[in-house]
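Student: Contents of start.txt (compact mmCIF, C-alpha atoms and all ligand atoms) are below:
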# COMPACT_ATOMS: atom_id res chain seq x y z
CA MET A 1 -3.07 -14.35 15.70
CA SER A 2 -3.28 -13.24 12.07
CA ALA A 3 -0.28 -11.36 10.70
CA VAL A 4 -0.06 -7.76 9.52
CA ARG A 5 1.70 -7.56 6.16
CA VAL A 6 2.86 -4.94 3.69
CA HIS A 7 3.54 -5.98 0.09
CA ASN A 8 4.98 -4.46 -3.06
CA LEU A 9 5.66 -1.09 -1.47
CA SER A 10 7.93 0.47 -4.08
CA ILE A 11 10.43 3.12 -3.09
CA SER A 12 13.13 5.06 -4.87
CA LEU A 13 16.79 4.82 -3.86
CA ASP A 14 16.28 8.00 -1.85
CA GLY A 15 13.34 6.45 -0.02
CA PHE A 16 10.30 8.07 -1.61
CA ALA A 17 7.18 5.93 -2.12
CA THR A 18 5.34 8.61 -4.05
CA GLY A 19 6.31 11.79 -5.80
CA ASP A 20 5.48 15.40 -5.23
CA GLY A 21 2.22 16.89 -6.54
CA GLN A 22 -0.31 14.05 -6.27
CA ALA A 23 -3.38 14.89 -8.38
CA LEU A 24 -6.29 13.30 -10.26
CA ASP A 25 -4.16 12.99 -13.40
CA ALA A 26 -1.00 12.09 -11.44
CA PRO A 27 -1.72 9.54 -8.66
CA PHE A 28 2.02 9.29 -7.89
CA GLY A 29 2.81 12.95 -8.54
CA HIS A 30 5.99 13.66 -10.49
CA ALA A 31 7.07 10.00 -10.03
CA GLY A 32 4.60 9.01 -12.74
CA GLU A 33 4.70 5.22 -13.24
CA ARG A 34 8.42 4.87 -12.58
CA LEU A 35 8.02 3.22 -9.16
CA HIS A 36 5.94 0.38 -10.55
CA GLU A 37 7.33 -0.42 -13.98
CA TRP A 38 8.85 -3.63 -12.52
CA MET A 39 5.36 -4.73 -11.46
CA PHE A 40 3.59 -3.81 -14.70
CA ALA A 41 5.87 -6.32 -16.46
CA THR A 42 4.76 -9.24 -14.26
CA ARG A 43 2.16 -11.92 -14.79
CA PHE A 44 0.71 -10.85 -11.43
CA TRP A 45 -0.18 -7.49 -12.97
CA HIS A 46 -1.60 -9.15 -16.07
CA GLU A 47 -3.78 -11.38 -13.88
CA MET A 48 -4.95 -8.31 -11.96
CA GLY A 49 -6.31 -6.92 -15.23
CA GLY A 50 -3.22 -5.00 -16.36
CA GLY A 51 -1.89 -5.18 -19.91
CA GLY A 52 0.57 -7.51 -21.64
CA ASP A 53 1.22 -11.21 -21.08
CA GLY A 54 3.38 -10.63 -18.05
CA ALA A 55 6.52 -12.51 -17.11
CA ALA A 56 6.33 -15.29 -14.52
CA GLY A 57 9.82 -14.75 -13.09
CA ALA A 58 11.08 -13.67 -9.68
CA ASP A 59 9.34 -10.26 -9.70
CA HIS A 60 6.04 -12.06 -10.36
CA VAL A 61 6.60 -14.46 -7.46
CA PHE A 62 7.20 -11.59 -5.04
CA ALA A 63 4.33 -9.49 -6.41
CA ALA A 64 1.80 -12.31 -6.27
CA ARG A 65 2.19 -12.67 -2.49
CA HIS A 66 0.13 -9.46 -2.25
CA GLY A 67 -3.20 -11.24 -2.05
CA GLN A 68 -2.28 -14.64 -0.60
CA GLY A 69 -4.01 -15.24 2.74
CA ILE A 70 -5.25 -11.66 3.05
CA GLY A 71 -8.70 -11.01 4.55
CA ALA A 72 -8.74 -7.21 4.82
CA GLU A 73 -6.74 -4.14 3.80
CA ILE A 74 -6.04 -0.89 5.61
CA MET A 75 -5.12 2.09 3.44
CA GLY A 76 -4.65 5.83 3.90
CA ALA A 77 -6.75 8.64 2.51
CA GLY A 78 -3.82 9.53 0.24
CA LYS A 79 -3.97 6.16 -1.48
CA PHE A 80 -7.77 6.14 -1.80
CA GLY A 81 -7.93 9.30 -3.88
CA PRO A 82 -6.27 12.54 -4.93
CA PRO A 83 -6.02 15.42 -2.45
CA GLY A 84 -9.53 16.74 -1.77
CA TRP A 85 -11.46 13.57 -2.71
CA GLN A 86 -13.38 13.97 0.56
CA ASP A 87 -15.12 16.97 -1.04
CA ASP A 88 -16.53 14.76 -3.82
CA PRO A 89 -19.43 12.61 -2.55
CA ALA A 90 -19.27 10.49 -5.75
CA TRP A 91 -15.58 9.50 -5.35
CA GLN A 92 -15.27 5.71 -4.96
CA GLY A 93 -11.51 5.20 -5.26
CA TRP A 94 -9.24 4.78 -8.28
CA TRP A 95 -10.14 1.17 -9.02
CA GLY A 96 -13.58 1.24 -10.68
CA ASP A 97 -16.72 -0.77 -9.89
CA THR A 98 -14.86 -4.03 -9.21
CA PRO A 99 -11.72 -3.12 -7.27
CA PRO A 100 -8.93 -5.70 -7.05
CA PHE A 101 -9.00 -5.96 -3.26
CA ARG A 102 -12.00 -8.37 -2.99
CA THR A 103 -12.05 -7.98 0.82
CA PRO A 104 -13.16 -5.32 3.29
CA VAL A 105 -10.92 -2.23 2.94
CA PHE A 106 -10.55 0.23 5.80
CA VAL A 107 -9.72 3.72 4.58
CA LEU A 108 -8.18 5.89 7.29
CA THR A 109 -9.43 9.46 7.00
CA HIS A 110 -10.21 12.33 9.31
CA ARG A 111 -13.37 12.88 7.26
CA PRO A 112 -15.14 9.50 7.30
CA ARG A 113 -18.29 8.74 5.30
CA PRO A 114 -20.70 5.76 5.15
CA SER A 115 -19.36 2.43 3.87
CA ILE A 116 -19.57 1.66 0.13
CA GLU A 117 -20.14 -1.87 -1.15
CA MET A 118 -18.40 -2.43 -4.48
CA GLY A 119 -18.41 -5.38 -6.90
CA GLY A 120 -16.29 -8.50 -6.42
CA GLY A 121 -16.29 -8.56 -2.63
CA THR A 122 -14.71 -5.19 -1.85
CA THR A 123 -16.41 -2.97 0.73
CA TYR A 124 -14.85 0.35 1.65
CA HIS A 125 -15.20 1.36 5.30
CA PHE A 126 -14.00 4.81 6.36
CA LEU A 127 -12.37 5.14 9.75
CA ASP A 128 -11.03 7.99 11.84
CA ALA A 129 -9.11 5.96 14.39
CA PRO A 130 -5.56 5.38 15.63
CA PRO A 131 -3.62 2.54 13.94
CA ALA A 132 -4.12 -0.05 16.70
CA GLU A 133 -7.88 0.51 16.72
CA ALA A 134 -8.09 0.37 12.93
CA LEU A 135 -6.16 -2.89 13.04
CA GLU A 136 -8.58 -4.34 15.56
CA ARG A 137 -11.48 -3.52 13.22
CA ALA A 138 -9.68 -4.96 10.20
CA ARG A 139 -8.78 -8.14 12.09
CA GLU A 140 -12.41 -8.69 13.04
CA ALA A 141 -13.38 -8.32 9.37
CA ALA A 142 -10.56 -10.53 8.06
CA GLY A 143 -12.07 -13.74 9.43
CA GLY A 144 -8.81 -15.17 10.74
CA LEU A 145 -6.79 -14.26 7.62
CA ASP A 146 -3.96 -11.71 7.55
CA VAL A 147 -4.39 -7.95 7.29
CA ARG A 148 -2.51 -6.04 4.60
CA VAL A 149 -1.46 -2.45 5.21
CA GLY A 150 -1.69 -1.26 1.63
CA GLY A 151 -0.09 2.18 1.87
CA GLY A 152 0.61 4.90 1.19
CA PRO A 153 3.91 5.62 2.90
CA THR A 154 2.44 7.79 5.68
CA VAL A 155 0.17 5.01 6.90
CA VAL A 156 2.82 2.28 6.53
CA ARG A 157 5.28 4.44 8.48
CA ASP A 158 2.72 5.00 11.25
CA PHE A 159 2.03 1.26 11.56
CA LEU A 160 5.77 0.50 11.58
CA ALA A 161 6.38 3.16 14.24
CA GLU A 162 3.80 1.51 16.49
CA GLY A 163 5.35 -1.93 16.00
CA LEU A 164 2.23 -3.30 14.34
CA VAL A 165 3.78 -4.78 11.17
CA ASP A 166 4.88 -8.44 11.13
CA HIS A 167 6.11 -8.63 7.55
CA LEU A 168 7.20 -5.78 5.27
CA HIS A 169 8.07 -6.23 1.60
CA VAL A 170 9.72 -3.16 0.11
CA VAL A 171 10.85 -2.96 -3.51
CA GLN A 172 13.77 -0.63 -4.01
CA VAL A 173 13.68 0.80 -7.51
CA PRO A 174 16.92 2.28 -8.93
CA ILE A 175 15.61 5.80 -9.49
CA LEU A 176 16.11 9.02 -7.55
CA LEU A 177 12.95 11.05 -7.05
CA GLY A 178 14.39 13.86 -4.95
CA ARG A 179 11.01 14.82 -3.49
CA GLY A 180 7.71 13.30 -2.43
CA VAL A 181 6.68 11.28 0.64
CA ARG A 182 9.41 9.21 2.30
CA LEU A 183 8.84 5.86 3.92
CA TRP A 184 11.68 5.69 6.43
CA ASP A 185 11.60 9.03 8.27
CA GLY A 186 11.49 8.63 12.06
CA LEU A 187 12.03 4.87 11.95
CA GLU A 188 15.62 4.89 13.23
CA ALA A 189 16.95 1.41 14.13
CA LEU A 190 13.90 -0.34 12.71
CA GLU A 191 16.27 -3.05 11.44
CA LYS A 192 16.92 -4.24 15.00
CA THR A 193 13.47 -5.74 15.32
CA TYR A 194 13.38 -7.54 11.96
CA THR A 195 15.25 -10.20 10.04
CA ILE A 196 16.05 -8.58 6.71
CA GLU A 197 16.68 -10.36 3.44
CA ALA A 198 17.43 -8.88 0.02
CA VAL A 199 16.96 -10.34 -3.43
CA SER A 200 17.91 -8.46 -6.60
CA THR A 201 16.19 -9.45 -9.81
CA PRO A 202 17.10 -8.96 -13.49
CA SER A 203 14.65 -6.05 -13.81
CA GLY A 204 17.03 -4.04 -11.63
CA VAL A 205 14.90 -3.80 -8.48
CA THR A 206 15.83 -5.16 -5.05
CA HIS A 207 13.17 -6.91 -3.00
CA LEU A 208 13.72 -6.34 0.72
CA THR A 209 11.75 -8.38 3.22
CA PHE A 210 11.56 -7.42 6.88
CA THR A 211 10.21 -10.27 9.01
CA ARG A 212 9.64 -9.56 12.68
CA VAL A 213 12.17 -11.32 14.90
N1 LIG A 301 4.96 3.17 -3.76
C1 LIG A 301 3.94 2.34 -3.52
O1 LIG A 301 4.07 1.12 -3.64
C2 LIG A 301 2.61 2.93 -3.10
C3 LIG A 301 1.65 2.12 -2.50
C4 LIG A 301 0.45 2.71 -2.14
C5 LIG A 301 0.23 4.06 -2.37
N2 LIG A 301 1.21 4.81 -2.96
C6 LIG A 301 1.04 6.24 -3.22
O2 LIG A 301 1.22 6.89 -1.98
C7 LIG A 301 0.51 8.12 -1.99
C8 LIG A 301 -0.35 8.18 -0.74
O3 LIG A 301 0.51 8.11 0.38
P1 LIG A 301 0.55 9.26 1.46
O4 LIG A 301 1.67 8.94 2.36
O5 LIG A 301 0.53 10.58 0.76
O6 LIG A 301 -0.87 9.10 2.17
P2 LIG A 301 -1.56 7.83 2.86
O7 LIG A 301 -0.58 7.12 3.71
O8 LIG A 301 -2.29 7.03 1.83
O9 LIG A 301 -2.67 8.56 3.71
C9 LIG A 301 -2.34 9.49 4.73
C10 LIG A 301 -3.62 10.19 5.10
O10 LIG A 301 -4.57 9.26 5.63
C11 LIG A 301 -5.31 9.87 6.67
N3 LIG A 301 -4.97 9.17 7.91
C12 LIG A 301 -3.81 8.50 8.18
N4 LIG A 301 -3.84 7.95 9.40
C13 LIG A 301 -5.04 8.27 9.92
C14 LIG A 301 -5.68 7.97 11.15
N5 LIG A 301 -5.07 7.22 12.09
N6 LIG A 301 -6.92 8.44 11.36
C15 LIG A 301 -7.56 9.18 10.42
N7 LIG A 301 -7.00 9.50 9.23
C16 LIG A 301 -5.76 9.04 8.98
C17 LIG A 301 -4.90 11.32 6.70
O11 LIG A 301 -5.68 11.99 5.71
P3 LIG A 301 -6.86 13.07 5.96
O12 LIG A 301 -6.42 13.87 7.16
O13 LIG A 301 -6.89 13.82 4.68
O14 LIG A 301 -8.12 12.31 6.18
C18 LIG A 301 -3.47 11.25 6.19
O15 LIG A 301 -3.01 12.45 5.64
C19 LIG A 301 -0.30 8.14 -3.29
O16 LIG A 301 0.44 8.88 -4.24
C20 LIG A 301 -0.34 6.69 -3.69
O17 LIG A 301 -0.51 6.55 -5.07
C21 LIG A 301 2.41 4.28 -3.29
Show me, as structure tokens, the structure contained in the file I just sent.
Tutor:
Amino acid sequence: MSAVRVHNLSISLDGFATGDGQALDAPFGHAGERLHEWMFATRFWHEMGGGGDGAAGADHVFAARHGQGIGAEIMGAGKFGPPGWQDDPAWQGWWGDTPPFRTPVFVLTHRPRPSIEMGGGTTYHFLDAPPAEALERAREAAGGLDVRVGGGPTVVRDFLAEGLVDHLHVVQVPILLGRGVRLWDGLEALEKTYTIEAVSTPSGVTHLTFTRV
């Protein structure tokens, strides 16, 4: 069966994957861009349409696994837009007319709306469904490829809690946010069901991979 994977989920040393006060002009709240500076410096980011030339080192190699073999993404309402986006019928996500996903994307929300077909192969489907059911839908759409759980932390935590994630790649960034949304809450002893490996890179981040035993 296809695998369920999480990639490039960046957290602070105190475990926050986003800051406090998410808003239209602050997608990561008070964290700003600090959780992803390591990624902005990679060739992966450059190839995704970001700026600069991008370095092709170890951070790039980890980051680029994001899209390899992925046939669908599941994301939470908090990743798709700022608080209250459901009140704006014109909101189509942060990523413009040609989003980088290039697959079906299932947005979990308690206020679903009709699907939106975007450029480049991305279609947004809106689902009000428990994680296992959402995964079943995403698997059907992924055509035998893997399903990525794209975040944010609430949705990743829910999928981890239900034992649905086969491979988790977390990037621990050496900053302390103090507040925001934590990844790990309620996941006591998660390590017992995964093989965990850690690789530190010259940028100062630590890549942690959790592969289901
Ligand atoms: N650090 C990283 O690498 C990374 C990666 C991705 C995103 N982010 C950031 O993370 C933040 C978003 O994360 P978050 O934890 O606040 O929110 P989230 O995980 O994106 O979404 C949670 C929301 O999704 C909806 N939802 C979740 N499960 C559902 C279900 N089973 N059925 C129906 N609706 C469901 C609910 O919203 P409603 O009740 O409102 O519908 C819930 O409040 C953003 O700031 C984003 O930029 C960070």
Student: Quick one: of A:Ala138, A:Leu24, A:Leu35, A:Ala72, who's nearest to Ser12 in chain A, counting all atoms listed in the file?
Tutor: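 Looking only at the distances to Ser12 in chain A, the closest residue turns out to be A:Leu35.
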Student: Quick check, in Å to one decimal: how far apart do CA of Arg102 in chain A and CA of Ala141 in chain A lie?
Tutor: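 Between these atoms lies a distance of 12.4 Å.
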Student: Within 6 Å of ligand LIG 301 (chain A), counting all atoms listed in the file: which residues, as number ranges by chain?
Tutor: A: 8-11, 17-18, 22, 27-28, 75-79, 108-111, 128-131, 150-155, 181
Student: Could you write out the selected residues, including C-alpha atoms, as a tab-separated table (two decimals), in the frame of the given file?
Tutor:
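selection.tsv, freshly written:
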chain	number	residue	atom	x	y	z
A	8	ASN	CA	4.98	-4.46	-3.06
A	9	LEU	CA	5.66	-1.09	-1.47
A	10	SER	CA	7.93	0.47	-4.08
A	11	ILE	CA	10.43	3.12	-3.09
A	17	ALA	CA	7.18	5.93	-2.12
A	18	THR	CA	5.34	8.61	-4.05
A	22	GLN	CA	-0.31	14.05	-6.27
A	27	PRO	CA	-1.72	9.54	-8.66
A	28	PHE	CA	2.02	9.29	-7.89
A	75	MET	CA	-5.12	2.09	3.44
A	76	GLY	CA	-4.65	5.83	3.90
A	77	ALA	CA	-6.75	8.64	2.51
A	78	GLY	CA	-3.82	9.53	0.24
A	79	LYS	CA	-3.97	6.16	-1.48
A	108	LEU	CA	-8.18	5.89	7.29
A	109	THR	CA	-9.43	9.46	7.00
A	110	HIS	CA	-10.21	12.33	9.31
A	111	ARG	CA	-13.37	12.88	7.26
A	128	ASP	CA	-11.03	7.99	11.84
A	129	ALA	CA	-9.11	5.96	14.39
A	130	PRO	CA	-5.56	5.38	15.63
A	131	PRO	CA	-3.62	2.54	13.94
A	150	GLY	CA	-1.69	-1.26	1.63
A	151	GLY	CA	-0.09	2.18	1.87
A	152	GLY	CA	0.61	4.90	1.19
A	153	PRO	CA	3.91	5.62	2.90
A	154	THR	CA	2.44	7.79	5.68
A	155	VAL	CA	0.17	5.01	6.90
A	181	VAL	CA	6.68	11.28	0.64
Student: Of the candidates A:His30, A:Ala41, A:Pro104, A:Val6, which shows the shortest atom-to-atom distance to Thr209 in chain A, using only C-alpha atoms?
Tutor: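 Using only C-alpha atoms, the shortest distance to Thr209 in chain A belongs to A:Val6.
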Student: Take the point (10.1, -0.8, -7.0) as written in the file and pick out every residue within 10 Å of it, counting all atoms listed in the file; give the list as a list in words.
Tutor: Asn8, Leu9, Ser10, Ile11, Ser12, Leu13, Ala17, Arg34, Leu35, His36, Glu37, Trp38, Met39, Asp59, Val170, Val171, Gln172, Val173, Pro174, Ile175, Ser203, Gly204, Val205, Thr206 and His207 of chain A
Student: If you count only C-alpha atoms, which residues fall within 12 Å of Gly120 in chain A, apart from same-chain ones fewer than 5 positions away, as a PyMOL selection string?
Tutor: chain A and resi 95-104
Student: Could you check the closest approach to Gly15 in chain A for each of A:Pro202, A:His46, A:Thr193, A:Leu177 and tell me which residue wins, using all atoms listed in the file?
Tutor: A:Leu177
Student: Just checking: using only C-alpha atoms, which residue out of A:Arg148, A:Ala90, A:Ala31, A:Arg5 ends up closest to Leu176 in chain A?
Tutor: A:Ala31
Student: At a cut-off of 12 Å, using all atoms listed in the file, what residues contact range 189-191 of chain A? Leave out same-chain residues fewer than 6 positions from it and give the result as an MDAnalysis selection string.
Tutor: chainID A and resid 157 160:163 165 168 183 197 208:213
Student: Have a look at A:Ala23, A:Leu145, A:Leu135, A:Ala198 and name the one nearest to Pro82 in chain A; count only C-alpha atoms.
Tutor: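 So, comparing all the options, the nearest one is A:Ala23.
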Student: Could you work out how far CA of Met1 in chain A lies from CA of Ile74 in chain A, giving the answer in Å with one decimal?
Tutor: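 Interatomic distance here is 17.1 Å.
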